[in-house]
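coords32.cif follows (mmCIF, C-alpha atoms):
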data_upload
loop_
_atom_site.label_atom_id
_atom_site.label_comp_id
_atom_site.auth_asym_id
_atom_site.auth_seq_id
_atom_site.Cartn_x
_atom_site.Cartn_y
_atom_site.Cartn_z
CA MET K 833 -10.68 -6.40 27.46
CA GLU K 834 -11.25 -9.92 28.63
CA GLY K 835 -12.10 -13.41 27.46
CA VAL K 836 -12.74 -13.99 23.80
CA GLU K 837 -12.40 -10.29 23.01
CA GLN K 838 -8.82 -10.41 24.27
CA ILE K 839 -8.12 -13.54 22.25
CA VAL K 840 -9.52 -11.84 19.12
CA ALA K 841 -7.34 -8.78 19.68
CA GLU K 842 -4.22 -10.92 20.11
CA HIS K 843 -4.74 -13.09 17.03
CA PRO K 844 -2.24 -12.25 14.26
CA PHE K 845 -5.10 -11.68 11.81
CA PHE K 846 -6.16 -8.70 13.91
CA ALA K 847 -2.67 -7.33 14.60
CA GLY K 848 -2.91 -3.55 15.00
CA PHE K 849 -6.72 -3.65 15.07
CA ASP K 850 -8.47 -0.71 16.76
CA PRO K 851 -9.52 -1.93 20.26
CA ALA K 852 -13.03 -0.55 19.65
CA TYR K 853 -13.35 -2.80 16.59
CA ALA K 854 -11.92 -5.76 18.52
CA HIS K 855 -14.68 -5.12 21.04
CA LEU K 856 -17.31 -5.21 18.27
CA VAL K 857 -15.88 -8.33 16.64
CA GLY K 858 -15.56 -9.95 20.06
CA HIS K 859 -19.36 -9.85 20.34
CA CYS K 860 -19.55 -12.12 17.28
CA ALA K 861 -16.82 -14.52 18.44
CA LYS K 862 -16.52 -17.65 20.52
CA ASN K 863 -13.85 -20.21 21.30
CA VAL K 864 -14.17 -23.59 19.65
CA ARG K 865 -12.17 -26.83 19.42
CA PHE K 866 -12.18 -29.71 17.00
CA ASP K 867 -10.75 -33.16 17.57
CA PRO K 868 -8.58 -34.69 14.83
CA GLY K 869 -10.68 -35.81 11.88
CA ARG K 870 -13.63 -33.52 12.67
CA TYR K 871 -14.79 -31.06 10.04
CA LEU K 872 -14.76 -27.31 10.63
CA LEU K 873 -16.88 -26.81 7.53
CA GLN K 874 -18.24 -28.89 4.68
CA GLN K 875 -18.82 -28.23 1.02
CA GLY K 876 -22.34 -26.94 0.22
CA ALA K 877 -23.23 -26.07 3.80
CA PRO K 878 -24.16 -22.48 4.73
CA ALA K 879 -21.11 -20.32 5.40
CA ASP K 880 -22.36 -19.05 8.72
CA GLN K 881 -19.00 -18.56 10.37
CA PHE K 882 -15.28 -18.46 9.78
CA TYR K 883 -12.36 -19.52 11.93
CA LEU K 884 -9.16 -17.95 13.13
CA LEU K 885 -6.79 -20.77 14.03
CA ARG K 886 -4.98 -20.60 17.35
CA HIS K 887 -3.62 -24.14 17.56
CA GLY K 888 -3.39 -27.15 15.26
CA ARG K 889 -3.54 -27.62 11.51
CA VAL K 890 -6.45 -27.85 9.13
CA ALA K 891 -6.62 -29.46 5.67
CA LEU K 892 -8.76 -27.93 2.93
CA GLU K 893 -10.10 -30.72 0.77
CA LEU K 894 -12.08 -31.36 -2.39
CA SER K 895 -13.58 -34.68 -3.33
CA GLY K 896 -14.64 -35.89 -6.74
CA PRO K 897 -15.83 -39.10 -8.33
CA GLY K 898 -12.91 -41.35 -9.20
CA ARG K 899 -10.34 -39.00 -7.66
CA GLY K 900 -10.91 -39.50 -3.99
CA THR K 901 -10.20 -36.68 -1.59
CA VAL K 902 -7.49 -34.23 -2.56
CA THR K 903 -5.96 -31.83 -0.07
CA PHE K 904 -5.12 -28.58 -1.84
CA GLN K 905 -4.01 -26.49 1.13
CA THR K 906 -3.17 -26.84 4.79
CA LEU K 907 -3.45 -24.00 7.28
CA GLY K 908 -1.99 -23.52 10.73
CA PRO K 909 -1.98 -21.23 13.77
CA GLY K 910 -2.44 -17.56 12.94
CA GLU K 911 -4.26 -18.33 9.72
CA LEU K 912 -7.85 -18.01 8.59
CA VAL K 913 -10.25 -20.76 7.54
CA GLY K 914 -13.21 -19.78 5.39
CA VAL K 915 -13.87 -16.83 3.12
CA SER K 916 -17.14 -17.86 1.44
CA TRP K 917 -19.12 -16.06 4.16
CA LEU K 918 -18.02 -12.80 2.50
CA VAL K 919 -20.02 -13.14 -0.71
CA PRO K 920 -23.40 -14.60 -1.68
CA PRO K 921 -24.60 -17.30 -1.76
CA TYR K 922 -22.67 -17.77 1.51
CA ARG K 923 -21.98 -21.47 1.07
CA TRP K 924 -18.74 -23.40 1.53
CA THR K 925 -17.06 -24.64 -1.63
CA TYR K 926 -14.70 -27.16 0.02
CA ASP K 927 -14.27 -29.17 3.21
CA ALA K 928 -11.98 -28.17 6.07
CA LYS K 929 -10.84 -31.00 8.34
CA ALA K 930 -8.85 -30.87 11.55
CA LEU K 931 -5.59 -32.79 11.08
CA GLU K 932 -4.85 -32.59 14.79
CA LEU K 933 -6.50 -31.02 17.80
CA VAL K 934 -7.60 -27.58 16.60
CA ARG K 935 -8.40 -24.62 18.80
CA ALA K 936 -9.87 -21.63 17.04
CA ILE K 937 -11.95 -18.50 17.31
CA SER K 938 -15.25 -18.97 15.50
CA ILE K 939 -16.76 -15.74 14.25
CA ASP K 940 -20.44 -15.56 13.44
CA ALA K 941 -20.59 -14.39 9.83
CA ALA K 942 -24.09 -12.91 9.89
CA CYS K 943 -23.22 -11.01 13.05
CA LEU K 944 -20.05 -9.58 11.51
CA ARG K 945 -21.74 -8.78 8.20
CA GLY K 946 -24.43 -6.91 10.14
CA LYS K 947 -21.90 -4.92 12.13
CA SER K 948 -19.94 -4.15 8.97
CA GLU K 949 -23.10 -2.89 7.23
CA ALA K 950 -23.86 -0.70 10.22
CA ASP K 951 -20.30 0.62 10.45
CA HIS K 952 -18.56 0.81 7.08
CA ASP K 953 -15.28 1.78 8.72
CA LEU K 954 -15.29 -1.59 10.45
CA GLY K 955 -16.26 -3.26 7.17
CA TYR K 956 -13.37 -1.56 5.38
CA GLU K 957 -10.93 -2.60 8.12
CA MET K 958 -12.12 -6.16 7.75
CA MET K 959 -11.75 -6.04 3.95
CA LYS K 960 -8.19 -4.71 4.30
CA ARG K 961 -7.40 -7.82 6.35
CA PHE K 962 -9.19 -10.28 4.11
CA MET K 963 -7.97 -9.01 0.74
CA PRO K 964 -4.25 -9.86 1.26
CA VAL K 965 -5.26 -13.36 2.32
CA LEU K 966 -7.45 -13.75 -0.76
CA ILE K 967 -4.71 -12.45 -3.07
CA GLN K 968 -2.07 -14.70 -1.52
CA ARG K 969 -4.34 -17.69 -2.00
CA LEU K 970 -5.15 -16.68 -5.57
CA GLN K 971 -1.42 -16.41 -6.37
CA ALA K 972 -0.76 -19.74 -4.69
CA ALA K 973 -3.57 -21.35 -6.68
CA ARG K 974 -2.04 -19.99 -9.92
CA LEU K 975 1.32 -21.54 -9.05
CA GLN K 976 -0.31 -24.86 -8.22
CA LEU K 977 -2.26 -24.70 -11.47
CA LEU K 978 0.97 -24.16 -13.43
CA ASP K 979 2.30 -27.45 -12.06
CA ILE K 980 5.77 -25.89 -11.91
CA TYR K 981 7.41 -29.03 -10.58
CA GLY K 982 6.18 -31.14 -13.47
CA ALA K 983 8.55 -32.82 -15.90
CA HIS K 984 8.24 -29.91 -18.33
CA ALA K 985 9.37 -27.40 -15.69
CA MET A 779 48.58 -33.36 -13.90
CA HIS A 780 45.66 -34.86 -15.73
CA GLU A 781 45.03 -33.29 -19.13
CA SER A 782 41.47 -32.24 -18.27
CA ALA A 783 42.75 -30.36 -15.25
CA THR A 784 44.19 -27.79 -17.63
CA ASP A 785 41.66 -27.85 -20.45
CA PRO A 786 38.04 -27.47 -19.37
CA MET A 787 36.85 -28.70 -22.77
CA VAL A 788 38.50 -32.11 -22.40
CA PRO A 789 36.29 -34.54 -20.51
CA ARG A 790 37.32 -37.19 -18.02
CA VAL A 791 35.86 -40.60 -18.51
CA LEU A 792 34.37 -41.92 -15.27
CA ARG A 793 32.20 -44.88 -14.44
CA VAL A 794 29.01 -45.16 -12.47
CA ARG A 795 29.61 -46.67 -9.06
CA SER A 796 25.97 -46.75 -8.00
CA ARG A 797 22.56 -45.66 -9.19
CA ARG A 798 19.65 -45.04 -6.89
CA ARG A 799 16.08 -44.04 -7.69
CA ASP A 800 15.13 -40.94 -5.72
CA GLY A 801 11.69 -40.27 -7.18
CA PRO A 802 9.59 -40.66 -10.30
CA GLN A 803 12.04 -40.18 -13.21
CA VAL A 804 14.74 -39.01 -10.76
CA TRP A 805 17.96 -40.95 -10.24
CA THR A 806 21.08 -40.25 -8.23
CA LEU A 807 24.34 -41.43 -9.73
CA GLU A 808 27.54 -41.77 -7.73
CA LEU A 809 30.55 -41.80 -10.01
CA ASP A 810 33.69 -43.81 -9.48
CA ALA A 811 36.73 -41.56 -9.71
CA GLY A 812 39.10 -44.51 -9.33
CA ALA A 813 42.58 -43.63 -8.16
CA ARG A 814 42.62 -40.33 -10.03
CA GLU A 815 42.30 -37.26 -7.87
CA GLN A 816 39.20 -35.28 -8.73
CA PRO A 817 38.97 -31.51 -8.64
CA GLY A 818 37.16 -30.20 -5.58
CA PHE A 819 33.85 -28.49 -6.06
CA ALA A 820 31.89 -25.78 -4.29
CA ALA A 821 28.29 -26.28 -3.23
CA GLY A 822 26.14 -24.95 -6.08
CA GLN A 823 28.56 -25.73 -8.91
CA PHE A 824 27.81 -28.10 -11.77
CA ASN A 825 29.47 -30.60 -14.07
CA MET A 826 28.80 -31.17 -17.75
CA LEU A 827 27.86 -34.85 -18.04
CA ALA A 828 27.87 -36.60 -21.41
CA ALA A 829 26.17 -39.81 -22.38
CA PHE A 830 28.25 -41.21 -25.24
CA GLY A 831 26.58 -40.84 -28.59
CA VAL A 832 23.69 -38.83 -27.17
CA GLY A 833 24.94 -35.51 -25.83
CA GLU A 834 26.03 -33.43 -22.89
CA VAL A 835 24.03 -31.58 -20.22
CA PRO A 836 24.81 -29.49 -17.14
CA ILE A 837 24.00 -31.23 -13.86
CA SER A 838 24.58 -29.73 -10.42
CA PHE A 839 26.53 -31.57 -7.77
CA SER A 840 24.25 -33.04 -5.14
CA GLY A 841 26.90 -34.64 -2.93
CA ASP A 842 29.09 -33.43 -0.10
CA PRO A 843 31.77 -30.87 -1.04
CA ALA A 844 33.90 -32.23 1.80
CA ARG A 845 34.15 -35.51 -0.11
CA PRO A 846 35.22 -34.46 -3.63
CA GLN A 847 36.24 -38.00 -4.56
CA ARG A 848 32.59 -39.00 -4.20
CA ILE A 849 31.00 -37.34 -7.23
CA VAL A 850 27.22 -37.38 -6.88
CA HIS A 851 24.63 -36.05 -9.31
CA THR A 852 20.86 -36.23 -9.08
CA ILE A 853 19.23 -36.24 -12.49
CA ARG A 854 15.66 -36.11 -13.72
CA ALA A 855 14.97 -37.88 -16.99
CA VAL A 856 13.32 -35.19 -19.09
CA GLY A 857 15.22 -35.14 -22.41
CA ALA A 858 17.29 -37.49 -24.52
CA VAL A 859 20.58 -36.87 -22.68
CA SER A 860 19.24 -36.83 -19.14
CA SER A 861 17.19 -39.95 -19.87
CA ALA A 862 20.29 -41.71 -21.23
CA LEU A 863 22.28 -40.68 -18.16
CA THR A 864 19.66 -42.02 -15.77
CA ARG A 865 19.73 -45.37 -17.58
CA LEU A 866 23.46 -45.84 -16.89
CA GLY A 867 23.97 -48.69 -14.48
CA ALA A 868 26.91 -49.56 -12.25
CA GLY A 869 30.11 -49.82 -14.30
CA ALA A 870 28.82 -47.80 -17.27
CA ALA A 871 31.06 -45.02 -18.56
CA LEU A 872 30.22 -41.37 -19.05
CA ALA A 873 32.19 -38.22 -19.80
CA VAL A 874 32.56 -35.47 -17.22
CA ARG A 875 33.77 -31.89 -17.54
CA GLY A 876 33.86 -29.44 -14.69
CA PRO A 877 33.26 -28.28 -12.08
CA PHE A 878 31.91 -25.06 -13.52
CA GLY A 879 30.17 -21.92 -12.35
CA THR A 880 29.70 -20.05 -9.13
CA GLY A 881 28.78 -21.70 -5.86
CA TRP A 882 26.51 -20.73 -3.00
CA PRO A 883 28.11 -17.93 -0.91
CA MET A 884 28.90 -20.13 2.06
CA SER A 885 31.48 -17.74 3.51
CA GLU A 886 28.75 -15.09 3.82
CA ALA A 887 26.59 -17.45 5.86
CA ALA A 888 28.82 -17.43 8.95
CA GLY A 889 27.06 -15.96 11.96
CA ARG A 890 23.75 -15.58 10.14
CA ASP A 891 20.46 -17.40 9.94
CA VAL A 892 20.31 -19.35 6.69
CA VAL A 893 17.06 -20.06 4.85
CA LEU A 894 17.17 -22.55 1.99
CA VAL A 895 14.11 -22.58 -0.27
CA ALA A 896 13.95 -25.54 -2.62
CA GLY A 897 11.40 -26.44 -5.25
CA GLY A 898 11.18 -29.87 -6.85
CA LEU A 899 14.53 -31.07 -8.14
CA GLY A 900 16.00 -27.79 -6.82
CA LEU A 901 16.68 -29.58 -3.56
CA ALA A 902 19.56 -31.43 -5.25
CA PRO A 903 21.81 -28.38 -5.88
CA LEU A 904 21.02 -27.12 -2.36
CA ARG A 905 21.93 -30.38 -0.65
CA PRO A 906 25.71 -29.73 -0.81
CA ALA A 907 25.14 -26.35 0.88
CA LEU A 908 23.09 -28.04 3.59
CA TYR A 909 25.80 -30.67 4.11
CA GLN A 910 28.31 -27.87 4.57
CA LEU A 911 26.08 -25.92 6.97
CA LEU A 912 25.37 -28.99 9.07
CA ALA A 913 29.03 -30.01 9.17
CA GLU A 914 29.91 -26.67 10.75
CA ARG A 915 26.64 -26.14 12.58
CA ALA A 916 28.10 -23.89 15.31
CA ARG A 917 29.19 -21.29 12.75
CA TYR A 918 25.62 -20.38 11.79
CA GLY A 919 22.41 -19.18 13.36
CA ARG A 920 19.11 -20.93 12.65
CA ILE A 921 19.13 -23.16 9.60
CA THR A 922 15.81 -23.54 7.82
CA LEU A 923 15.01 -25.68 4.80
CA LEU A 924 11.68 -25.00 3.11
CA TYR A 925 11.02 -27.56 0.43
CA GLY A 926 8.10 -27.66 -1.94
CA THR A 927 7.35 -30.36 -4.43
CA ARG A 928 4.50 -31.70 -6.48
CA SER A 929 3.16 -34.55 -4.34
CA PRO A 930 4.30 -36.75 -1.44
CA LYS A 931 5.68 -39.46 -3.72
CA GLU A 932 8.00 -36.91 -5.38
CA ILE A 933 9.81 -35.87 -2.20
CA LEU A 934 13.55 -36.26 -2.78
CA PHE A 935 16.03 -37.60 -0.22
CA ARG A 936 13.19 -38.56 2.10
CA ARG A 937 15.35 -40.52 4.53
CA GLU A 938 17.86 -37.69 4.86
CA ILE A 939 15.08 -35.16 5.37
CA ASP A 940 13.83 -37.26 8.27
CA SER A 941 17.31 -37.34 9.79
CA TRP A 942 17.80 -33.56 9.34
CA ARG A 943 14.52 -32.96 11.17
CA LYS A 944 16.01 -34.50 14.32
CA LEU A 945 18.87 -32.01 14.47
CA THR A 946 18.84 -29.18 16.98
CA GLY A 947 18.52 -25.68 15.58
CA VAL A 948 17.47 -26.96 12.18
CA MET A 949 13.94 -26.44 10.89
CA ILE A 950 12.82 -28.57 7.97
CA GLU A 951 9.40 -27.96 6.43
CA VAL A 952 8.10 -29.84 3.42
CA THR A 953 5.02 -28.90 1.47
CA VAL A 954 3.38 -30.44 -1.58
CA ASP A 955 1.14 -28.87 -4.20
CA HIS A 956 -1.58 -31.42 -3.68
CA ALA A 957 -1.97 -34.64 -1.76
CA LEU A 958 -4.19 -37.65 -1.61
CA GLN A 959 -4.76 -39.29 1.78
CA PRO A 960 -3.03 -40.12 4.09
CA TRP A 961 -0.50 -37.28 3.85
CA HIS A 962 -0.42 -35.26 7.07
CA GLY A 963 2.22 -32.70 6.11
CA HIS A 964 1.80 -29.24 4.62
CA VAL A 965 -0.08 -28.70 1.38
CA GLY A 966 0.36 -25.46 -0.56
CA VAL A 967 3.06 -23.50 -2.28
CA VAL A 968 6.52 -23.31 -0.73
CA THR A 969 6.34 -19.51 -0.48
CA ALA A 970 3.54 -19.91 2.09
CA LEU A 971 6.08 -21.52 4.42
CA ILE A 972 8.26 -18.41 4.45
CA SER A 973 5.89 -16.41 6.64
CA ARG A 974 5.72 -19.33 9.11
CA ALA A 975 9.50 -19.79 9.39
CA ARG A 976 11.50 -18.29 12.22
CA PHE A 977 14.52 -16.24 11.15
CA ASP A 978 15.92 -12.80 11.78
CA PRO A 979 15.46 -11.09 8.39
CA GLY A 980 18.18 -8.52 9.06
CA ARG A 981 20.81 -11.22 9.52
CA THR A 982 19.55 -13.88 7.17
CA LEU A 983 21.13 -15.34 4.06
CA ALA A 984 18.66 -17.00 1.69
CA LEU A 985 19.50 -19.59 -0.96
CA ILE A 986 16.81 -20.49 -3.49
CA CYS A 987 16.76 -23.19 -6.14
CA GLY A 988 13.83 -24.47 -8.14
CA PRO A 989 11.65 -23.58 -11.12
CA GLU A 990 12.22 -19.96 -12.09
CA ILE A 991 8.65 -18.86 -11.34
CA MET A 992 8.87 -20.36 -7.89
CA MET A 993 12.22 -18.64 -7.27
CA ARG A 994 10.78 -15.26 -8.26
CA PHE A 995 7.86 -15.64 -5.87
CA ALA A 996 10.11 -16.98 -3.11
CA ALA A 997 12.53 -14.06 -3.47
CA GLU A 998 9.66 -11.58 -3.33
CA ALA A 999 8.19 -13.32 -0.27
CA LEU A 1000 11.58 -13.18 1.46
CA GLY A 1001 11.78 -9.49 0.56
CA THR A 1002 8.33 -8.93 2.09
CA ALA A 1003 9.59 -10.72 5.21
CA GLY A 1004 12.43 -8.18 5.39
CA VAL A 1005 15.37 -10.00 3.79
CA ALA A 1006 17.42 -7.65 1.59
CA SER A 1007 17.88 -8.49 -2.10
CA GLU A 1008 21.64 -8.51 -1.48
CA ALA A 1009 21.16 -11.42 0.93
CA ILE A 1010 19.16 -13.59 -1.47
CA TYR A 1011 20.83 -15.93 -3.98
CA LEU A 1012 19.19 -17.88 -6.80
CA SER A 1013 20.51 -20.72 -8.90
CA LEU A 1014 19.54 -20.18 -12.51
CA GLU A 1015 19.37 -22.60 -15.37
CA ARG A 1016 19.81 -21.85 -19.03
CA SER A 1017 21.11 -23.80 -22.00
CA MET A 1018 24.67 -24.30 -20.83
CA LYS A 1019 27.02 -25.80 -23.44
CA CYS A 1020 30.70 -24.87 -23.07
CA GLY A 1021 30.63 -24.22 -19.32
CA ILE A 1022 33.19 -21.42 -19.52
CA GLY A 1023 31.30 -18.46 -20.98
CA SER A 1024 32.63 -18.82 -24.52
CA CYS A 1025 29.81 -20.17 -26.64
CA GLY A 1026 27.04 -17.81 -25.54
CA HIS A 1027 24.28 -20.42 -25.39
CA CYS A 1028 23.42 -19.56 -21.82
CA GLN A 1029 23.49 -15.78 -22.19
CA PHE A 1030 20.98 -14.07 -19.91
CA GLY A 1031 21.11 -10.33 -20.53
CA GLY A 1032 24.65 -9.32 -19.66
CA LEU A 1033 25.37 -12.57 -17.88
CA PHE A 1034 26.57 -15.98 -18.95
CA ILE A 1035 24.86 -18.37 -16.57
CA CYS A 1036 27.57 -21.04 -16.87
CA ARG A 1037 30.32 -18.61 -15.88
CA ASP A 1038 28.62 -15.77 -13.92
CA GLY A 1039 26.16 -18.24 -12.41
CA PRO A 1040 24.43 -20.49 -11.86
CA VAL A 1041 24.32 -18.91 -8.39
CA ILE A 1042 23.65 -15.20 -8.70
CA ARG A 1043 22.57 -12.56 -6.20
CA TYR A 1044 18.96 -11.51 -6.51
CA ASP A 1045 19.62 -7.79 -6.88
CA ARG A 1046 21.37 -8.60 -10.20
CA LEU A 1047 18.46 -10.75 -11.34
CA ARG A 1048 15.33 -8.95 -10.27
CA GLU A 1049 15.00 -6.82 -13.43
CA PRO A 1050 16.23 -9.37 -16.03
CA LEU A 1051 13.87 -11.98 -14.61
CA ARG A 1052 10.97 -9.72 -15.54
CA VAL A 1053 12.02 -9.65 -19.20
CA ARG A 1054 10.04 -12.36 -20.94
CA GLU A 1055 12.38 -12.44 -23.95
CA LEU A 1056 15.35 -13.46 -21.77
#
Represent the structure from my file as structure tokens, please.
Amino acid sequence: MEGVEQIVAEHPFFAGFDPAYAHLVGHCAKNVRFDPGRYLLQQGAPADQFYLLRHGRVALELSGPGRGTVTFQTLGPGELVGVSWLVPPYRWTYDAKALELVRAISIDAACLRGKSEADHDLGYEMMKRFMPVLIQRLQAARLQLLDIYGAHA
Amino acid sequence: MHESATDPMVPRVLRVRSRRRDGPQVWTLELDAGAREQPGFAAGQFNMLAAFGVGEVPISFSGDPARPQRIVHTIRAVGAVSSALTRLGAGAALAVRGPFGTGWPMSEAAGRDVVLVAGGLGLAPLRPALYQLLAERARYGRITLLYGTRSPKEILFRREIDSWRKLTGVMIEVTVDHALQPWHGHVGVVTALISRARFDPGRTLALICGPEIMMRFAAEALGTAGVASEAIYLSLERSMKCGIGSCGHCQFGGLFICRDGPVIRYDRLREPLRVREL
């Protein structure tokens, strides 16, 4: 293995991944960097890729009239940015902004969806890695929604 | 010997030496013990504080156990009594009974990594434990404080947090549930910080204080990270009245939180915490 394929295989998200699958995913991957303040993805835009963070932190933001921009989650090295590429209509539902210099692996979503359709074992392996992340974020969102630190808590 | 030293139901009348705002609706009172010797307290214990004519509530110590003459309590104004207490200015009198309850298991921390997980006002009862850990830094492994609160403006003890961050071998991470610009720290639930923290789960002692839901999730996340239930301690809160396990107001299953707690090992709490009726 070499280059981006090696980086994919060594990312915590792919810990224990079959090298053959790392090879396949590596074909959909490239290295990217974002300077502080640059957006990795923006609300409403096509979800054509997702990112595995290697360095730096990213803020997930929502903006609304009269409320300004609210950060609802920050992510760091080893974590994943972007899950909307998994389900139609494949569009981002929030913004993701680099808080500092960010280095990441960008994975082409259409490429990976195609490979997963062609090889369901790969697709299942990917789902097994995405589902815990989705569930953790759902549970976190529930806790945030409960406002547990409020005066009533 | 002072009368209240023998009868836990007889309060001592103390006066407020200073009052400092530590957040929205949160005030820290330092009480003036005068020349009278005050009973020592263990990190994690609480006093019953009474505002005259209003009522009495349990409030954890938030000061340094090594300085028992300096009685410090951090209080959030949420009800009639706590609101009355937070309105007491310098020189005002209040009634104090205690200390009561179990403390954090500091003797078990020696030689181990220690992870403190605080949520909201839960940082106040953990602060005495942190003072103790930092005062004897060489006795412990890595010390990690993971603190979650509602928003940046509600971060308690901000200046101290900044000073703790500069210490060697101490990791301090603060996260908020949501933030407007220009916050550059973590945003998200405090449990998310657990997987990012560095500690040896097999030799870690974890102390958790905060809203009960948060403590349940934090204890489970620590368990997932490999920390045994027997090495996780929670500080519980119920309707404490007498402080000595007599009145039954704070009964939680087979436990009286004022006497058997507030600090209790997680393996004794895991099942009762799942019972909604408790």
Could you tell me which residues the PyMOL selection byres ((chain A) within 6 of (chain K)) returns for this structure, as a list in words?
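Taken on the displayed file, the PyMOL selection byres ((chain A) within 6 of (chain K)) yields the residues Gly898, Arg928, Asp955, His956, Ala957, Leu958, His964, Val965, Gly966 and Val967 of chain A.
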Skipping near chain neighbours, those fewer than 5 positions away, what residues fall within 8 Å of K:Ala936 using only C-alpha atoms, listed as an MDAnalysis selection string?
chainID K and resid 863:865 883:887
May I have the protein, DNA and RNA residues with any atom at most 10 Å from the point (14.0, -19.1, -5.5), counting only C-alpha atoms, written as number ranges by chain?
A: 894-897, 900, 968-969, 984-1000, 1010-1014, 1044
Explicit residue set for the PyMOL selection byres ((chain A and resi 978) around 10), as a list in words
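Given this file, the PyMOL selection byres ((chain A and resi 978) around 10) evaluates to Arg890, Asp891, Val892, Gly919, Arg920, Ala975, Arg976, Phe977, Pro979, Gly980, Arg981, Thr982, Leu983, Ala1003, Gly1004 and Val1005 of chain A.
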Using all atoms listed in the file, can you tell me which of A:Ser840, A:Lys1019, A:Ala855, A:Ala868 comes closest to A:Val804?
A:Ala855
Name all residues at most 12 Å from A:Ser885 (count only C-alpha atoms; drop same-chain ones fewer than 3 positions away) and give them as a VMD selection string.
chain A and resid 820 to 821 881 to 882 888 to 890 892 907 910 to 911 914 917 to 918 983
On this structure, the PyMOL selection byres ((chain K and resi 942) around 10) would catch which residues? List them as a list of chain:residue names, sorted by chain and number.
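Evaluating the PyMOL selection byres ((chain K and resi 942) around 10) on this file yields K:Cys860, K:Ala879, K:Asp880, K:Gln881, K:Trp917, K:Leu918, K:Tyr922, K:Ile939, K:Asp940, K:Ala941, K:Cys943, K:Leu944, K:Arg945, K:Gly946, K:Lys947, K:Ser948.
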Kindly save the residues from that selection, with C-alpha atoms included, as a CSV table (one decimal), in the coordinates of the input.
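Here's the written file part13.csv:
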chain,number,residue,atom,x,y,z
K,860,CYS,CA,-19.6,-12.1,17.3
K,879,ALA,CA,-21.1,-20.3,5.4
K,880,ASP,CA,-22.4,-19.0,8.7
K,881,GLN,CA,-19.0,-18.6,10.4
K,917,TRP,CA,-19.1,-16.1,4.2
K,918,LEU,CA,-18.0,-12.8,2.5
K,922,TYR,CA,-22.7,-17.8,1.5
K,939,ILE,CA,-16.8,-15.7,14.2
K,940,ASP,CA,-20.4,-15.6,13.4
K,941,ALA,CA,-20.6,-14.4,9.8
K,943,CYS,CA,-23.2,-11.0,13.0
K,944,LEU,CA,-20.0,-9.6,11.5
K,945,ARG,CA,-21.7,-8.8,8.2
K,946,GLY,CA,-24.4,-6.9,10.1
K,947,LYS,CA,-21.9,-4.9,12.1
K,948,SER,CA,-19.9,-4.2,9.0
Is there a way to get, as a PyMOL selection string, all residues within 6 Å of the point (-8.7, -27.7, 13.4) in file coordinates, counting only C-alpha atoms?
chain K and resi 866+888-890+930+933-934
Hey, which of K:Ala950, K:Phe882, K:His855, K:Tyr956 ends up closest to K:Leu912? Count all atoms listed in the file.
K:Phe882
Could you check the closest approach to A:Ala916 for each of A:Cys1036, A:Ala828, A:Pro960, A:Gly947 and tell me which residue wins, using only C-alpha atoms?
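The shortest atom-to-atom distance to A:Ala916 comes from A:Gly947.
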To one decimal place in Å, what is the distance between atom CA of A:Lys944 and atom CA of A:Ala913?
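Interatomic distance here is 14.7 Å.
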Spatial neighbours of K:Asp850, max dist 12 Å, only C-alpha atoms, sep filter under 5 positions, as number ranges by chain
K: 840-842, 855-857, 953-954, 957-958
Distance query K:Ala877 at most 10 Å, all atoms listed in the file, self and fewer than 3 positions along chain excluded, as a list in words
Leu873, Gln874, Asp880, Tyr922, Arg923, Trp924, Thr925, Tyr926 and Asp927 of chain K
Quick one: of K:His952, K:Arg961, K:Arg870, K:His859, who's nearest to K:Ser938, counting only C-alpha atoms?
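So, comparing all the options, the nearest one is K:His859.
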How big is the axis-aligned box around the listed atoms of stretch 914-919 of chain A once 5 Å is added on each side, and where is its centre? Give both in Å to one decimal, as AutoDock Vina command-line options.
--center_x 26.2 --center_y -22.9 --center_z 13.0 --size_x 17.5 --size_y 17.5 --size_z 14.6
Interatomic distance, atom CA of A:Glu932 to atom CA of A:Gly801 (Å, one decimal):
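Calculated distance between atom CA of A:Glu932 and atom CA of A:Gly801 is 5.3 Å.
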Residue contacts of A:Arg799 (10 Å, all atoms listed in the file) excluding same-chain residues fewer than 4 positions away, as a ChimeraX atom specification:
/A:803-807,852-854,864,934-935
Distance of atom CA of K:Gly955 from atom CA of K:Gly914, expressed in Å to one decimal place:
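Result for atom CA of K:Gly914 versus atom CA of K:Gly955: 16.9 Å, one decimal.
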Counting all atoms listed in the file, figure out which residue out of K:Ser916, K:Tyr871, K:Lys960, K:Gly898 gets nearest to K:Phe849.
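Going through K:Ser916, K:Tyr871, K:Lys960, K:Gly898 one by one, the smallest distance to K:Phe849 is for K:Lys960.
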